[in-house]
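Enquirer: Handing over work-v4.pdb, PDB, C-alpha atoms.
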```pdb
ATOM      1  CA  MET A  19       6.332  11.739   3.808
ATOM      2  CA  ASN A  20       6.166  14.170   0.933
ATOM      3  CA  LYS A  21       3.180  14.576  -1.340
ATOM      4  CA  THR A  22       4.679  12.397  -4.089
ATOM      5  CA  GLU A  23       4.823   9.460  -1.681
ATOM      6  CA  GLU A  24       1.336  10.037  -0.249
ATOM      7  CA  TYR A  25      -0.561  10.757  -3.489
ATOM      8  CA  ILE A  26      -1.256   9.228  -6.866
ATOM      9  CA  GLU A  27      -1.079  11.929  -9.515
ATOM     10  CA  VAL A  28      -1.750  10.999 -13.109
ATOM     11  CA  SER A  29      -3.239  12.599 -16.193
ATOM     12  CA  GLY A  30      -4.155  11.026 -19.497
ATOM     13  CA  THR A  31      -6.501   8.455 -20.900
ATOM     14  CA  LYS A  32      -8.661   6.034 -18.977
ATOM     15  CA  SER A  33      -6.212   3.243 -19.785
ATOM     16  CA  SER A  34      -3.248   5.115 -18.332
ATOM     17  CA  VAL A  35      -5.135   5.914 -15.113
ATOM     18  CA  ILE A  36      -6.256   2.289 -14.728
ATOM     19  CA  GLU A  37      -2.678   1.126 -15.292
ATOM     20  CA  THR A  38      -1.450   3.443 -12.519
ATOM     21  CA  ILE A  39      -4.092   2.090 -10.126
ATOM     22  CA  MET A  40      -3.161  -1.482 -11.055
ATOM     23  CA  MET A  41       0.548  -0.864 -10.441
ATOM     24  CA  THR A  42      -0.027   0.955  -7.149
ATOM     25  CA  CYS A  43      -2.216  -1.772  -5.658
ATOM     26  CA  SER A  44      -1.026  -4.877  -7.557
ATOM     27  CA  LEU A  45      -4.501  -5.363  -9.033
ATOM     28  CA  GLU A  46      -5.795  -7.052 -12.160
ATOM     29  CA  GLU A  47      -7.166  -4.839 -14.946
ATOM     30  CA  GLU A  48     -10.827  -5.486 -14.089
ATOM     31  CA  ALA A  49     -10.251  -4.434 -10.469
ATOM     32  CA  GLY A  50      -8.380  -1.301 -11.564
ATOM     33  CA  ARG A  51     -11.244  -0.435 -13.909
ATOM     34  CA  GLU A  52     -13.829  -0.874 -11.130
ATOM     35  CA  CYS A  53     -11.804   1.311  -8.758
ATOM     36  CA  LEU A  54     -11.673   4.146 -11.280
ATOM     37  CA  LYS A  55     -15.397   3.788 -11.982
ATOM     38  CA  PHE A  56     -16.196   3.919  -8.259
ATOM     39  CA  ILE A  57     -14.104   7.047  -7.690
ATOM     40  CA  LYS A  58     -15.608   8.722 -10.769
ATOM     41  CA  GLU A  59     -19.142   8.020  -9.531
ATOM     42  CA  ASN A  60     -18.396   8.908  -5.890
ATOM     43  CA  THR A  61     -16.150  11.962  -5.937
ATOM     44  CA  GLY A  62     -17.786  13.045  -2.671
ATOM     45  CA  ILE A  63     -15.458  10.652  -0.833
ATOM     46  CA  LEU A  64     -12.455  12.789  -1.777
ATOM     47  CA  SER A  65     -11.050  15.307   0.669
ATOM     48  CA  ASP A  66     -10.514  18.987  -0.140
ATOM     49  CA  GLU A  67      -6.856  18.237  -0.929
ATOM     50  CA  GLU A  68      -7.784  15.622  -3.537
ATOM     51  CA  PHE A  69      -8.817  16.281  -7.126
ATOM     52  CA  PHE A  70     -10.612  14.298  -9.832
ATOM     53  CA  GLN A  71     -11.424  15.650 -13.280
ATOM     54  CA  TYR A  72     -12.771  13.954 -16.369
ATOM     55  CA  SER A  73     -13.275  15.623 -19.717
ATOM     56  CA  LYS A  74     -15.007  13.814 -22.538
ATOM     57  CA  LEU A  75     -13.239  15.015 -25.666
ATOM     58  CA  GLU A  76     -15.722  15.980 -28.335
ATOM     59  CA  GLU A  77     -15.731  15.192 -32.009
ATOM     60  CA  TYR A  78     -13.941  17.643 -34.264
ATOM     61  CA  GLU A  79     -13.466  17.914 -38.023
ATOM     62  CA  ILE A  80     -10.347  18.144 -40.164
ATOM     63  CA  GLU A  81     -10.979  18.744 -43.846
ATOM     64  CA  GLY A  82     -14.522  17.421 -43.501
ATOM     65  CA  ILE A  83     -13.491  14.195 -41.758
ATOM     66  CA  SER A  84     -14.753  13.592 -38.227
ATOM     67  CA  GLU A  85     -12.057  12.719 -35.694
ATOM     68  CA  PHE A  86     -11.780  12.152 -31.954
ATOM     69  CA  ILE A  87      -8.711  13.132 -29.974
ATOM     70  CA  SER A  88      -9.431  10.140 -27.731
ATOM     71  CA  GLU A  89     -12.498   7.991 -27.402
ATOM     72  CA  GLU A  90     -11.604   7.459 -23.742
ATOM     73  CA  GLY A  91     -11.590  11.108 -22.774
ATOM     74  CA  GLU A  92      -9.023  12.841 -20.609
ATOM     75  CA  TYR A  93      -8.541  12.283 -16.879
ATOM     76  CA  TYR A  94      -6.606  14.156 -14.250
ATOM     77  CA  ILE A  95      -6.503  12.753 -10.737
ATOM     78  CA  SER A  96      -4.588  13.629  -7.611
ATOM     79  CA  ILE A  97      -5.775  11.390  -4.782
ATOM     80  CA  LYS A  98      -4.249  10.021  -1.624
ATOM     81  CA  LYS A  99      -2.976   6.468  -1.791
ATOM     82  CA  ALA A 100      -4.817   5.921   1.486
ATOM     83  CA  THR A 101      -8.096   6.791  -0.285
ATOM     84  CA  LEU A 102      -7.349   4.346  -3.087
ATOM     85  CA  PHE A 103      -6.559   1.547  -0.629
ATOM     86  CA  LEU A 104      -9.868   2.149   1.149
ATOM     87  CA  VAL A 105     -11.719   2.002  -2.189
ATOM     88  CA  VAL A 106     -10.016  -1.326  -2.990
ATOM     89  CA  LEU A 107     -10.990  -2.736   0.386
ATOM     90  CA  PHE A 108     -14.548  -1.389   0.060
ATOM     91  CA  LEU A 109     -14.919  -3.130  -3.298
ATOM     92  CA  LYS A 110     -13.678  -6.323  -1.614
ATOM     93  CA  TYR A 111     -10.631  -6.792  -3.798
ATOM     94  CA  LYS A 112      -7.702  -8.386  -2.011
ATOM     95  CA  PHE A 113      -4.113  -7.239  -1.878
ATOM     96  CA  PRO A 114      -1.397  -9.868  -1.707
ATOM     97  CA  TYR A 115      -0.825 -10.363   2.038
ATOM     98  CA  LEU A 116       2.655  -8.863   1.869
ATOM     99  CA  LYS A 117       1.260  -5.809   0.102
ATOM    100  CA  ILE A 118      -0.910  -5.140   3.141
ATOM    101  CA  ALA A 119       2.042  -5.451   5.478
ATOM    102  CA  THR A 120       4.231  -3.125   3.424
ATOM    103  CA  ASP A 121       2.170  -0.601   1.495
ATOM    104  CA  ILE A 122      -0.671  -0.024   3.916
ATOM    105  CA  SER A 123       1.715   0.201   6.825
ATOM    106  CA  ALA A 124       4.009   2.509   4.877
ATOM    107  CA  PHE A 125       1.327   4.819   3.460
ATOM    108  CA  PHE A 126      -0.885   4.913   6.513
ATOM    109  CA  GLU A 127       2.024   4.519   8.949
ATOM    110  CA  LEU A 128      -0.475   2.452  10.883
ATOM    111  CA  CYS A 129      -1.314  -1.108  11.661
ATOM    112  CA  ASN A 130      -5.021  -1.878  11.546
ATOM    113  CA  LEU A 131      -6.339  -3.608  14.643
ATOM    114  CA  LYS A 132      -9.839  -4.738  15.583
ATOM    115  CA  ARG A 133      -9.876  -2.351  18.514
ATOM    116  CA  GLY A 134      -8.157   0.630  16.906
ATOM    117  CA  TYR A 135      -4.841   1.681  15.392
ATOM    118  CA  ILE A 136      -1.240   1.787  16.488
ATOM    119  CA  LYS A 137       1.616   3.828  15.071
ATOM    120  CA  LEU A 138       4.464   1.761  13.654
ATOM    121  CA  ASP A 139       7.991   3.110  14.078
ATOM    122  CA  GLU A 140       9.890   2.437  10.866
ATOM    123  CA  LYS A 141      13.117   4.034  12.100
ATOM    124  CA  GLN A 142      13.352   1.834  15.195
ATOM    125  CA  GLY A 143      12.799  -1.341  13.170
ATOM    126  CA  TYR A 144       9.251  -2.283  14.136
ATOM    127  CA  LEU A 145       7.935  -2.185  10.565
ATOM    128  CA  CYS A 146      10.774  -4.420   9.388
ATOM    129  CA  ILE A 147       9.984  -7.054  12.027
ATOM    130  CA  LEU A 148       6.281  -6.921  11.140
ATOM    131  CA  MET A 149       7.094  -7.464   7.459
ATOM    132  CA  GLU A 150       9.199 -10.504   8.290
ATOM    133  CA  LEU A 151       6.383 -11.929  10.404
ATOM    134  CA  ALA A 152       3.973 -11.329   7.505
ATOM    135  CA  ARG A 153       6.291 -13.138   5.091
ATOM    136  CA  ARG A 154       6.303 -16.204   7.323
ATOM    137  CA  ARG A 155       2.560 -16.018   7.944
ATOM    138  CA  LYS A 156       1.311 -19.320   9.424
ATOM    139  CA  GLN A 157       4.803 -20.805   9.724
ATOM    140  CA  GLY A 158       5.591 -18.241  12.392
ATOM    141  CA  ALA A 159       9.030 -16.990  13.413
ATOM    142  CA  LYS A 160      11.264 -16.983  16.473
ATOM    143  CA  LYS A 161      13.389 -14.188  17.890
ATOM    144  CA  ASP A 162      16.297 -15.438  15.739
ATOM    145  CA  MET A 163      14.321 -14.811  12.522
ATOM    146  CA  LEU A 164      16.957 -12.411  11.143
ATOM    147  CA  THR A 165      19.992 -14.676  11.611
ATOM    148  CA  LYS A 166      19.480 -16.380   8.240
ATOM    149  CA  PHE A 167      20.337 -13.077   6.541
ATOM    150  CA  LYS A 168      23.847 -13.271   8.065
ATOM    151  CA  GLY A 169      24.000  -9.621   9.046
ATOM    152  CA  GLU A 170      22.600  -8.278   5.782
ATOM    153  CA  CYS A 171      19.597  -5.939   5.894
ATOM    154  CA  CYS A 172      16.513  -7.756   4.606
ATOM    155  CA  ASN A 173      14.446  -4.601   4.008
ATOM    156  CA  ASN A 174      16.824  -2.035   2.552
ATOM    157  CA  HIS A 175      13.967   0.134   1.289
ATOM    158  CA  LEU A 176      12.995   1.051   4.862
ATOM    159  CA  GLU A 177      14.497   3.936   6.811
ATOM    160  CA  CYS A 178      15.763   2.043   9.824
ATOM    161  CA  ASP A 179      18.325   3.229  12.378
ATOM    162  CA  LYS A 180      19.636  -0.341  12.631
ATOM    163  CA  ASN A 181      20.676  -0.346   8.961
ATOM    164  CA  GLU A 182      24.255   0.810   8.487
ATOM    165  CA  ASN A 183      25.233   0.730   4.819
ATOM    166  CA  GLY A 184      23.202  -2.406   4.187
ATOM    167  CA  LYS A 185      24.313  -4.157   7.375
ATOM    168  CA  CYS A 186      21.708  -4.968  10.026
ATOM    169  CA  ASN A 187      22.530  -4.281  13.673
ATOM    170  CA  CYS A 188      19.220  -5.641  14.970
ATOM    171  CA  ASN A 189      19.708  -8.245  17.704
ATOM    172  CA  GLU A 190      17.498 -11.034  19.032
ATOM    173  CA  SER A 191      16.644  -8.992  22.097
ATOM    174  CA  PHE A 192      15.035  -6.271  19.987
ATOM    175  CA  VAL A 193      13.240  -8.793  17.754
ATOM    176  CA  GLU A 194      11.750 -10.402  20.848
ATOM    177  CA  LYS A 195      10.794  -6.983  22.253
ATOM    178  CA  ALA A 196       9.033  -6.052  18.991
ATOM    179  CA  CYS A 197       7.244  -9.410  18.773
ATOM    180  CA  GLU A 198       6.073  -9.149  22.378
ATOM    181  CA  TYR A 199       4.757  -5.671  21.594
ATOM    182  CA  PHE A 200       2.834  -7.028  18.592
ATOM    183  CA  LEU A 201       1.570  -9.858  20.797
ATOM    184  CA  ALA A 202       0.230  -7.379  23.357
ATOM    185  CA  CYS A 203      -1.447  -5.405  20.550
ATOM    186  CA  GLY A 204      -3.133  -8.498  19.108
ATOM    187  CA  ILE A 205      -1.208  -8.475  15.829
ATOM    188  CA  VAL A 206       0.433 -11.840  16.484
ATOM    189  CA  THR A 207      -0.222 -14.947  18.550
ATOM    190  CA  LYS A 208       2.440 -17.044  20.221
ATOM    191  CA  LYS A 209       2.868 -20.819  20.128
ATOM    192  CA  GLY A 210       5.859 -21.971  22.100
ATOM    193  CA  GLU A 211       8.739 -19.764  20.964
ATOM    194  CA  LYS A 212       7.080 -18.855  17.652
ATOM    195  CA  TYR A 213       5.221 -15.627  16.895
ATOM    196  CA  ILE A 214       2.506 -15.935  14.246
ATOM    197  CA  TYR A 215       1.154 -12.964  12.295
ATOM    198  CA  ILE A 216      -2.662 -12.925  12.350
ATOM    199  CA  VAL A 217      -3.852  -9.500  11.071
TER     200      VAL A 217
END
```
Would you mind writing the structure in this file as structure tokens?
Expert:
Amino acid sequence: MNKTEEYIEVSGTKSSVIETIMMTCSLEEEAGRECLKFIKENTGILSDEEFFQYSKLEEYEIEGISEFISEEGEYYISIKKATLFLVVLFLKYKFPYLKIATDISAFFELCNLKRGYIKLDEKQGYLCILMELARRRKQGAKKDMLTKFKGECCNNHLECDKNENGKCNCNESFVEKACEYFLACGIVTKKGEKYIYIV
């Protein structure tokens, strides 16, 4: 991943920074505001590659009339999306369940397990299968979960070797292999022929 994909970089007013946080994490305004406040008050959590700056713009005069450039001040931040996700989780705000399956997996390239972490292989199709399991949640899915798409790729935004110009070449054998792998890792449970996402 390049830096643009891994980082949030924004400069401007408090409102514009909060809006960026909200859009990145699908949060309500109050949650975005609390995230910015937490980062501002705890800049020690940032790594050496991350940057946070806030300048309170002072009062100035034009022809004897007091003015402010901005009552909100000026912010410049360059922080890892991974850091922001951890802040959101620390503050106990919840992502939509699909957001966890997609964004956290994509930005961390990991799947969080109780006993550690595993690397997800986007190119081989593992991330795609995990996303489909997450979409079905408690309903679960069988190895034929992709047949309803009739050969069309259901996650075109992913870089998957099985996607050829929008057509999916993933077969039931691979889906079953991926699901069994997730089962062994503790990401899913199995009831009959159905795999159920539990993370």
Enquirer: Suppose a student applies the PyMOL selection byres ((chain A and resi 197) around 8) to this structure; what residues should they get, written as a compact mmCIF listing (two decimals) with C-alpha atoms, in the frame of the given file?
Expert:
```txt
# COMPACT_ATOMS: atom_id res chain seq x y z
CA ILE A 147 9.98 -7.05 12.03
CA LYS A 161 13.39 -14.19 17.89
CA VAL A 193 13.24 -8.79 17.75
CA GLU A 194 11.75 -10.40 20.85
CA LYS A 195 10.79 -6.98 22.25
CA ALA A 196 9.03 -6.05 18.99
CA GLU A 198 6.07 -9.15 22.38
CA TYR A 199 4.76 -5.67 21.59
CA PHE A 200 2.83 -7.03 18.59
CA LEU A 201 1.57 -9.86 20.80
CA VAL A 206 0.43 -11.84 16.48
CA TYR A 213 5.22 -15.63 16.90
```
Enquirer: Need the axis-aligned box for range 59-65 of chain A with 4 Å each side, so what are the centre and edges in Å to one decimal, as AutoDock Vina command-line options?
Expert:
```
--center_x -15.1 --center_y 11.7 --center_z -4.4 --size_x 16.1 --size_y 15.3 --size_z 18.2
```
Enquirer: When you draw a straight line from CA of Glu170 in chain A to CA of Lys185 in chain A, how long is it in Å?
Expert: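 CA of Lys185 in chain A lies 4.7 Å from CA of Glu170 in chain A.
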Enquirer: Would you compute the distance between CA of Lys99 in chain A and CA of Leu151 in chain A? Give it in Å to one decimal.
Expert: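 Result for CA of Lys99 in chain A versus CA of Leu151 in chain A: 24.0 Å, one decimal.
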Enquirer: Looking at A:Phe56, A:Glu92, A:Leu176, A:Gly169, which one is nearest to Lys32 in chain A, with distances taken over all atoms listed in the file?
Expert: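 Among A:Phe56, A:Glu92, A:Leu176, A:Gly169, it is A:Glu92 that comes nearest to Lys32 in chain A.
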Enquirer: Which one is closest to Glu67 in chain A: A:Asn187, A:Thr42, A:Thr31, A:Ser96? Count all atoms listed in the file.
Expert: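 Of A:Asn187, A:Thr42, A:Thr31, A:Ser96, the one nearest Glu67 in chain A, counting all atoms listed in the file, is A:Ser96.
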Enquirer: Might you spell out which residues the PyMOL selection byres ((chain A and resi 143) around 10) would select in the displayed file, as number ranges by chain?
Expert: A: 138-142, 144-148, 173, 176-181, 188, 192-193, 196
Enquirer: So, with only C-alpha atoms as the atoms that count, which of A:Cys186, A:Val28, A:Met163, A:Met41 lies closest to Ile97 in chain A?
Expert: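 Among A:Cys186, A:Val28, A:Met163, A:Met41, it is A:Val28 that comes nearest to Ile97 in chain A.
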Enquirer: Any chance you could work out the residue set of the PyMOL selection byres ((chain A and resi 27) around 10) here, as a PyMOL selection string?
Expert: chain A and resi 21-22+24-26+28-29+35+38+68-70+94-99
Enquirer: Record the distance separating CA of Ile205 in chain A and CA of Lys168 in chain A, expressed in Å with one decimal.
Expert: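 Atom-to-atom, CA of Ile205 in chain A and CA of Lys168 in chain A are spaced 26.7 Å apart.
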Enquirer: For a quick check of understanding, using only C-alpha atoms, which of A:Leu107, A:Ile214, A:Cys203, A:Cys172 has the smallest distance to Lys156 in chain A?
Expert: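 That would be A:Ile214, the residue with the smallest distance to Lys156 in chain A.
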Enquirer: May I have the residues within 8 Å of Glu37 in chain A as a PDB file with C-alpha atoms, in the coordinates of the input, using all atoms listed in the file and disregarding those fewer than 3 positions away in the same chain?
Expert:
```
ATOM      1  CA  SER A  33      -6.212   3.243 -19.785  1.00  0.00           C
ATOM      2  CA  SER A  34      -3.248   5.115 -18.332  1.00  0.00           C
ATOM      3  CA  MET A  40      -3.161  -1.482 -11.055  1.00  0.00           C
ATOM      4  CA  MET A  41       0.548  -0.864 -10.441  1.00  0.00           C
ATOM      5  CA  GLU A  47      -7.166  -4.839 -14.946  1.00  0.00           C
ATOM      6  CA  GLY A  50      -8.380  -1.301 -11.564  1.00  0.00           C
TER       7      GLY A  50
END
```
Enquirer: Which residue is closest to Lys212 in chain A? Choose from A:Gly158, A:Gly62, A:Gly30, A:Gly91 and count all atoms listed in the file.
Expert: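 Counting all atoms listed in the file, the residue closest to Lys212 in chain A is A:Gly158.
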